[in-house]
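Take a look at the structure set out below.
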Amino acid sequence: MDAISLGYESHCSTVSNPDRLLNKLHLHAQWVYDQNWNVKYWEYLTRFNDIAGKVVADCFEVLERDENSFKWYSTVITKVVEKILDDKQHNPLSINTLPNDILDNQFIDKSLELLQIAPENQSIILEIVEKPFGSDEAIQLIWNKLLFLQNKWIRIAIDDIHFTHHSIPDEPSQWKENLESLLEQWLLPDVVKIDGKKMNILFENKDNPDFKELIQTYKSWLDNISQQIIASWKECIIVAEWVNTPEEITFATSLWCNAFQWFELKELFNK
């Protein structure tokens with residue numbers, strides 16, 4: 001067997017092994033800016049040392065499995081705690097959370113570790129990714145735990161909001177069902193994030209008559225949810241993902257977005 005084949009096999013072995021993946025895990029901070037181009041919060045994204053970008057999706061698929069996801073969540077918490085203790089991170093911060101993590105018996109205690117060591121008034125955001133909540137019993141348990149954490153001043157974000165349209169290839173998403181499950185129990189999110197791919201499509205078709213109804217749907221829904229959040233005496237953050245130019249930011253603002261995220265924004269706003 002040649003060296004290239006050996007390297008490939010070793011690489012595949014690492015990608016399929018959750019413990020090896022967690023050993024290679026590092027955090028990449030991506031800034032979320034407000035309308036005045038101040039940093040609103042940092043989102044800590046999972047990355048992997050020396051693993052090719054084209055196979056990273058396979059890494060996430062391994063870590064998202066029920067038996068692995070909470071170890072992933074715990075590893076991220078541990079690394080964020082290290083950053084705070086090293087005095088490298090006093091900004092508000094966000095981490096991704098799978099519904100299966102919330103169901104774990106250790107979820108509350110692990111999440112509270114961030115509050116216990118965070119500087120006073122440092123906001124912590126848990127971003128719920130668009131995976132199924134599960135049974136009615138699971139939904140009730142998720143709601144109870146998230147409400148408990150909200151009452152401890154941890155903020156809740158809902159990821160990848162998007163509305164279907166005949167002109168856009170549809171992709172499965174649980175965001176609507178998940179959010180509706182929480183709203184039925186009067187748990188309002190603090191942060192709503194608009195899917196980046198859909199933001200790009202909307203911007204590219206902002207003058208297309210066929211998209212007029214869809215864009216109006218976004219405006220109406222985001223206006224409605226923002227008014228509900230504000231009425232509950234909370235700050236409402238609506239994040240537009242994948243915006244790169246002042247023109248895209250202006251368009252996102254017209255959809256009620258008041259925060260903006262993408263890796264190129266740091267360079268744009270620091271000019």
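Just remember, in the structure tokens the first chain shown is A, the second B, etc., residues are 1-based per chain, and ligands are 1-based in the order shown.
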field: stretch 25-240 of chain A: residues DSSP assigns to helix (DSSP H, G or I), reported as a PyMOL selection string
entry: chain A and resi 53-63+66-85+99-103+107-117+136-151+175-183+196-204+209-231
field: Neighbour list for stretch 178-183 of chain A as JSON, numbers by chain, cut-off 10 Å, only C-alpha atoms, skip fewer than 5 positions in-chain
entry: {"A": [99, 128, 129, 130, 131, 132, 133, 134, 136, 139, 140, 142, 143, 144, 146, 147, 157, 158, 159, 161, 173, 188, 189, 192]}
- request: Return the single residue from A:Ser74, A:Asn68, A:Ser254, A:Asn151 that is closest to A:Phe107, with distances computed using only C-alpha atoms.
  value: A:Ser74
- request: Work out how far atom CA of A:Asp160 is from atom CA of A:Lys176, in Å to one decimal.
  value: 9.6 Å
task: Considering only C-alpha atoms, return as a ChimeraX atom specification whatever protein or nucleic-acid residues lie within 12 Å of A:Arg20, sequence-local ones (same chain, fewer than 3 positions apart) excluded.
output: /A:10-17,23-25,48-49,51,59,62-63,68,71-72
Would you write out those residues with N, CA and C atoms, as a compact mmCIF listing (two decimals), in the first residue's frame?
```
# COMPACT_ATOMS: atom_id res chain seq x y z
N SER A 10 -5.97 6.78 6.99
CA SER A 10 -5.83 7.41 8.31
C SER A 10 -6.78 8.58 8.44
N HIS A 11 -6.90 9.36 7.36
CA HIS A 11 -7.79 10.51 7.38
C HIS A 11 -9.24 10.07 7.57
N CYS A 12 -9.65 9.04 6.80
CA CYS A 12 -11.02 8.54 6.91
C CYS A 12 -11.29 7.98 8.29
N SER A 13 -10.28 7.33 8.89
CA SER A 13 -10.43 6.78 10.22
C SER A 13 -10.67 7.89 11.24
N THR A 14 -9.96 9.00 11.08
CA THR A 14 -10.15 10.13 11.99
C THR A 14 -11.55 10.71 11.84
N VAL A 15 -12.00 10.89 10.61
CA VAL A 15 -13.30 11.51 10.37
C VAL A 15 -14.43 10.66 10.94
N SER A 16 -14.29 9.35 10.92
CA SER A 16 -15.34 8.47 11.41
C SER A 16 -15.26 8.19 12.90
N ASN A 17 -14.20 8.69 13.55
CA ASN A 17 -13.99 8.43 14.97
C ASN A 17 -14.31 9.69 15.79
N ASN A 23 -10.73 15.66 19.56
CA ASN A 23 -9.35 16.06 19.85
C ASN A 23 -8.84 17.09 18.84
N LYS A 24 -9.39 17.06 17.64
CA LYS A 24 -8.97 18.01 16.61
C LYS A 24 -9.85 19.27 16.59
N LEU A 25 -10.86 19.30 17.43
CA LEU A 25 -11.82 20.40 17.41
C LEU A 25 -11.19 21.71 17.90
N PHE A 48 -12.05 21.91 12.53
CA PHE A 48 -11.20 20.76 12.84
C PHE A 48 -9.80 20.99 12.27
N ASN A 49 -8.78 20.79 13.10
CA ASN A 49 -7.40 20.94 12.66
C ASN A 49 -7.08 19.97 11.53
N ILE A 51 -8.17 18.97 8.81
CA ILE A 51 -9.15 18.16 8.10
C ILE A 51 -9.67 18.98 6.93
N CYS A 59 -17.71 15.10 9.12
CA CYS A 59 -17.35 15.21 10.54
C CYS A 59 -18.58 15.58 11.37
N VAL A 62 -21.02 12.75 11.88
CA VAL A 62 -20.61 11.82 12.94
C VAL A 62 -20.93 12.41 14.32
N LEU A 63 -20.61 13.67 14.54
CA LEU A 63 -20.79 14.29 15.84
C LEU A 63 -22.26 14.54 16.18
N ASN A 68 -23.08 10.84 20.24
CA ASN A 68 -21.90 11.70 20.19
C ASN A 68 -22.18 13.17 20.47
N LYS A 71 -21.22 14.95 23.82
CA LYS A 71 -19.76 15.05 24.00
C LYS A 71 -19.22 16.23 23.18
N TRP A 72 -19.79 16.43 22.02
CA TRP A 72 -19.42 17.59 21.19
C TRP A 72 -19.78 18.88 21.91
```
- prompt: Quick one: of A:Ala240, A:Trp221, A:Glu43, A:Ala118, who's nearest to A:Glu82, counting only C-alpha atoms?
  reply: A:Ala118
